[in-house]
Amino acid sequence: MLFLENPPAVRATRSLSAAEVQTLTLAARGLTNKLVAYGLGISPVAASRRLESIAVKVGLMSRSDLVRVASILTRDPRSEAPDAVLTTAEREVLELIQTGLTNAEIARMRSRSVRTVANQVAALLEKTGCISRRGLTALPMGS
């Protein structure tokens with residue numbers, strides 16, 4: 001048998017920097033890139049790139065997956081929905097949003113018009129108090 005070990009100097013760094021942790025913390029609350037950027041004093045493009053970098057570091061395929069995982073791990077009460085009464089259709093749409101689907105994809109899956117889905121998303125935003133789709137993504141599953 002042959003055992004090879006990568007010396008520490010050669011291993012890829014997978015830990016998050018302080019700036020990345022701050023960015024992820026704000027995104028996990030459901031804030032938009034623009035609000036995350038404003039909160040950190042950086043450009044929205046820089047915030048977006050940081051989130052992409054973090055997703056790659058932790059092995060996730062998308063930023064929405066990253067935000068969902070981060071909101072679950074941090075259990076930040078600011079990311080939880082208030083006691084909103086959602087219809088069955090709204091709950092279904094919320095679950096599909098949380099899987100990363102677009103309005104058009106949701107409409108196709110549910111045999112509805114894109115406009116109907118957009119209205120349901122608007123109702124979800126109003127009922128949950130979220131300011132963006134990302135906020136809906138950060139909600140606990142099945143809210």
# chains A, B, ... in the order shown; residues from 1 in each chain; ligands from 1
call {"tool": "select_by_dssp", "arguments": {"residues": "chain A", "states": "alpha helix (DSSP H)", "output": "ChimeraX atom specification"}}
result
/A:18-28,33-40,44-58,63-74,88-98,103-110,114-128,133-138
call {"tool": "residues_around", "arguments": {"residues": "region 116-127 of chain A", "least_positions_apart": "4", "cutoff": "12 Å", "atoms": "only C-alpha atoms", "output": "PDB file with C-alpha atoms, in the first residue's frame"}}
result
ATOM      1  CA  GLY A  30     -33.070  36.789   2.928  1.00  0.00           C
ATOM      2  CA  ALA A  81     -41.871  33.708   8.497  1.00  0.00           C
ATOM      3  CA  PRO A  82     -44.386  35.300  10.772  1.00  0.00           C
ATOM      4  CA  ASP A  83     -47.521  33.291  11.453  1.00  0.00           C
ATOM      5  CA  ALA A  84     -48.850  33.788   7.932  1.00  0.00           C
ATOM      6  CA  VAL A  85     -51.796  31.781   6.695  1.00  0.00           C
ATOM      7  CA  LEU A  86     -50.806  30.450   3.295  1.00  0.00           C
ATOM      8  CA  THR A  87     -53.161  28.764   0.878  1.00  0.00           C
ATOM      9  CA  THR A  88     -52.336  25.287  -0.381  1.00  0.00           C
ATOM     10  CA  ALA A  89     -51.342  26.760  -3.744  1.00  0.00           C
ATOM     11  CA  GLU A  90     -49.085  29.327  -2.081  1.00  0.00           C
ATOM     12  CA  ARG A  91     -47.393  26.603  -0.025  1.00  0.00           C
ATOM     13  CA  GLU A  92     -46.777  24.576  -3.199  1.00  0.00           C
ATOM     14  CA  VAL A  93     -45.355  27.618  -4.980  1.00  0.00           C
ATOM     15  CA  LEU A  94     -43.169  28.429  -1.961  1.00  0.00           C
ATOM     16  CA  GLU A  95     -41.736  24.899  -1.955  1.00  0.00           C
ATOM     17  CA  LEU A  96     -40.957  25.168  -5.681  1.00  0.00           C
ATOM     18  CA  ILE A  97     -39.349  28.594  -5.200  1.00  0.00           C
ATOM     19  CA  GLN A  98     -37.199  27.077  -2.462  1.00  0.00           C
ATOM     20  CA  LEU A 101     -37.336  27.211  -9.919  1.00  0.00           C
ATOM     21  CA  THR A 102     -38.354  30.297 -11.895  1.00  0.00           C
ATOM     22  CA  ASN A 103     -41.941  31.503 -12.264  1.00  0.00           C
ATOM     23  CA  ALA A 104     -42.072  30.060 -15.782  1.00  0.00           C
ATOM     24  CA  GLU A 105     -40.858  26.651 -14.588  1.00  0.00           C
ATOM     25  CA  ILE A 106     -43.355  26.682 -11.706  1.00  0.00           C
ATOM     26  CA  ALA A 107     -46.178  27.645 -14.087  1.00  0.00           C
ATOM     27  CA  ARG A 108     -45.287  24.770 -16.409  1.00  0.00           C
ATOM     28  CA  MET A 109     -45.145  22.262 -13.535  1.00  0.00           C
ATOM     29  CA  ARG A 110     -48.455  23.425 -12.047  1.00  0.00           C
ATOM     30  CA  SER A 111     -50.254  23.938 -15.394  1.00  0.00           C
ATOM     31  CA  ARG A 112     -50.899  27.576 -14.585  1.00  0.00           C
ATOM     32  CA  ILE A 131     -38.727  41.739   0.496  1.00  0.00           C
ATOM     33  CA  SER A 132     -37.403  39.388  -2.172  1.00  0.00           C
ATOM     34  CA  ARG A 133     -37.495  35.896  -3.622  1.00  0.00           C
ATOM     35  CA  ARG A 134     -34.255  35.273  -1.771  1.00  0.00           C
ATOM     36  CA  GLY A 135     -36.150  35.978   1.439  1.00  0.00           C
ATOM     37  CA  LEU A 136     -38.652  33.302   0.490  1.00  0.00           C
ATOM     38  CA  THR A 137     -35.783  30.927  -0.213  1.00  0.00           C
ATOM     39  CA  LEU A 139     -37.636  30.677   4.986  1.00  0.00           C
ATOM     40  CA  SER A 143     -43.544  27.511   6.272  1.00  0.00           C
TER      41      SER A 143
END
call {"tool": "residues_around", "arguments": {"residues": "Val58 (chain A)", "least_positions_apart": "2", "cutoff": "12 Å", "atoms": "only C-alpha atoms", "output": "PyMOL selection string"}}
result
chain A and resi 13-16+20+24+51-56+60-63+65-67+69-70
call {"tool": "write_last_selection", "arguments": {"atoms": "N, CA and C atoms", "output": "PDB file, in the first residue's frame"}}
result
ATOM      1  N   THR A  13      -7.580  25.970   0.455  1.00  0.00           N
ATOM      2  CA  THR A  13      -8.250  26.571   1.600  1.00  0.00           C
ATOM      3  C   THR A  13      -9.743  26.569   1.334  1.00  0.00           C
ATOM      4  N   ARG A  14     -10.476  25.946   2.230  1.00  0.00           N
ATOM      5  CA  ARG A  14     -11.922  25.876   2.069  1.00  0.00           C
ATOM      6  C   ARG A  14     -12.653  26.661   3.147  1.00  0.00           C
ATOM      7  N   SER A  15     -11.910  27.219   4.065  1.00  0.00           N
ATOM      8  CA  SER A  15     -12.586  27.987   5.116  1.00  0.00           C
ATOM      9  C   SER A  15     -13.007  29.339   4.553  1.00  0.00           C
ATOM     10  N   LEU A  16     -14.015  29.917   5.174  1.00  0.00           N
ATOM     11  CA  LEU A  16     -14.527  31.197   4.715  1.00  0.00           C
ATOM     12  C   LEU A  16     -13.801  32.337   5.414  1.00  0.00           C
ATOM     13  N   GLU A  20     -16.482  36.894   3.835  1.00  0.00           N
ATOM     14  CA  GLU A  20     -17.432  35.926   3.287  1.00  0.00           C
ATOM     15  C   GLU A  20     -18.478  35.534   4.331  1.00  0.00           C
ATOM     16  N   LEU A  24     -22.452  36.063   3.861  1.00  0.00           N
ATOM     17  CA  LEU A  24     -23.361  34.931   3.978  1.00  0.00           C
ATOM     18  C   LEU A  24     -24.386  35.144   5.088  1.00  0.00           C
ATOM     19  N   LEU A  51     -20.841  35.552  -2.932  1.00  0.00           N
ATOM     20  CA  LEU A  51     -21.777  34.449  -2.717  1.00  0.00           C
ATOM     21  C   LEU A  51     -21.488  33.282  -3.660  1.00  0.00           C
ATOM     22  N   GLU A  52     -21.131  33.596  -4.893  1.00  0.00           N
ATOM     23  CA  GLU A  52     -20.727  32.541  -5.836  1.00  0.00           C
ATOM     24  C   GLU A  52     -19.504  31.799  -5.316  1.00  0.00           C
ATOM     25  N   SER A  53     -18.525  32.529  -4.852  1.00  0.00           N
ATOM     26  CA  SER A  53     -17.296  31.942  -4.322  1.00  0.00           C
ATOM     27  C   SER A  53     -17.583  31.056  -3.120  1.00  0.00           C
ATOM     28  N   ILE A  54     -18.455  31.523  -2.239  1.00  0.00           N
ATOM     29  CA  ILE A  54     -18.811  30.743  -1.051  1.00  0.00           C
ATOM     30  C   ILE A  54     -19.507  29.452  -1.464  1.00  0.00           C
ATOM     31  N   ALA A  55     -20.427  29.551  -2.415  1.00  0.00           N
ATOM     32  CA  ALA A  55     -21.145  28.356  -2.882  1.00  0.00           C
ATOM     33  C   ALA A  55     -20.168  27.318  -3.419  1.00  0.00           C
ATOM     34  N   VAL A  56     -19.185  27.763  -4.182  1.00  0.00           N
ATOM     35  CA  VAL A  56     -18.172  26.846  -4.715  1.00  0.00           C
ATOM     36  C   VAL A  56     -17.366  26.226  -3.587  1.00  0.00           C
ATOM     37  N   LEU A  60     -21.836  23.735  -3.181  1.00  0.00           N
ATOM     38  CA  LEU A  60     -23.232  23.847  -3.580  1.00  0.00           C
ATOM     39  C   LEU A  60     -23.316  24.362  -5.009  1.00  0.00           C
ATOM     40  N   MET A  61     -24.403  24.017  -5.666  1.00  0.00           N
ATOM     41  CA  MET A  61     -24.540  24.343  -7.079  1.00  0.00           C
ATOM     42  C   MET A  61     -25.030  25.774  -7.344  1.00  0.00           C
ATOM     43  N   SER A  62     -25.728  26.357  -6.393  1.00  0.00           N
ATOM     44  CA  SER A  62     -26.275  27.687  -6.642  1.00  0.00           C
ATOM     45  C   SER A  62     -26.272  28.536  -5.381  1.00  0.00           C
ATOM     46  N   ARG A  63     -26.427  29.844  -5.605  1.00  0.00           N
ATOM     47  CA  ARG A  63     -26.496  30.764  -4.472  1.00  0.00           C
ATOM     48  C   ARG A  63     -27.777  30.555  -3.680  1.00  0.00           C
ATOM     49  N   ASP A  65     -29.283  27.715  -3.143  1.00  0.00           N
ATOM     50  CA  ASP A  65     -29.011  26.569  -2.265  1.00  0.00           C
ATOM     51  C   ASP A  65     -28.170  27.020  -1.080  1.00  0.00           C
ATOM     52  N   LEU A  66     -27.199  27.861  -1.345  1.00  0.00           N
ATOM     53  CA  LEU A  66     -26.322  28.370  -0.291  1.00  0.00           C
ATOM     54  C   LEU A  66     -27.115  29.138   0.753  1.00  0.00           C
ATOM     55  N   VAL A  67     -27.985  30.028   0.308  1.00  0.00           N
ATOM     56  CA  VAL A  67     -28.782  30.830   1.233  1.00  0.00           C
ATOM     57  C   VAL A  67     -29.713  29.941   2.048  1.00  0.00           C
ATOM     58  N   VAL A  69     -29.313  26.722   2.844  1.00  0.00           N
ATOM     59  CA  VAL A  69     -28.521  25.962   3.814  1.00  0.00           C
ATOM     60  C   VAL A  69     -28.059  26.876   4.950  1.00  0.00           C
ATOM     61  N   ALA A  70     -27.593  28.060   4.602  1.00  0.00           N
ATOM     62  CA  ALA A  70     -27.103  28.989   5.623  1.00  0.00           C
ATOM     63  C   ALA A  70     -28.220  29.408   6.572  1.00  0.00           C
TER      64      ALA A  70
END
call {"tool": "atom_distance", "arguments": {"atom1": "CA of Arg50 (chain A)", "atom2": "CA of Pro140 (chain A)"}}
result
23.3 Å
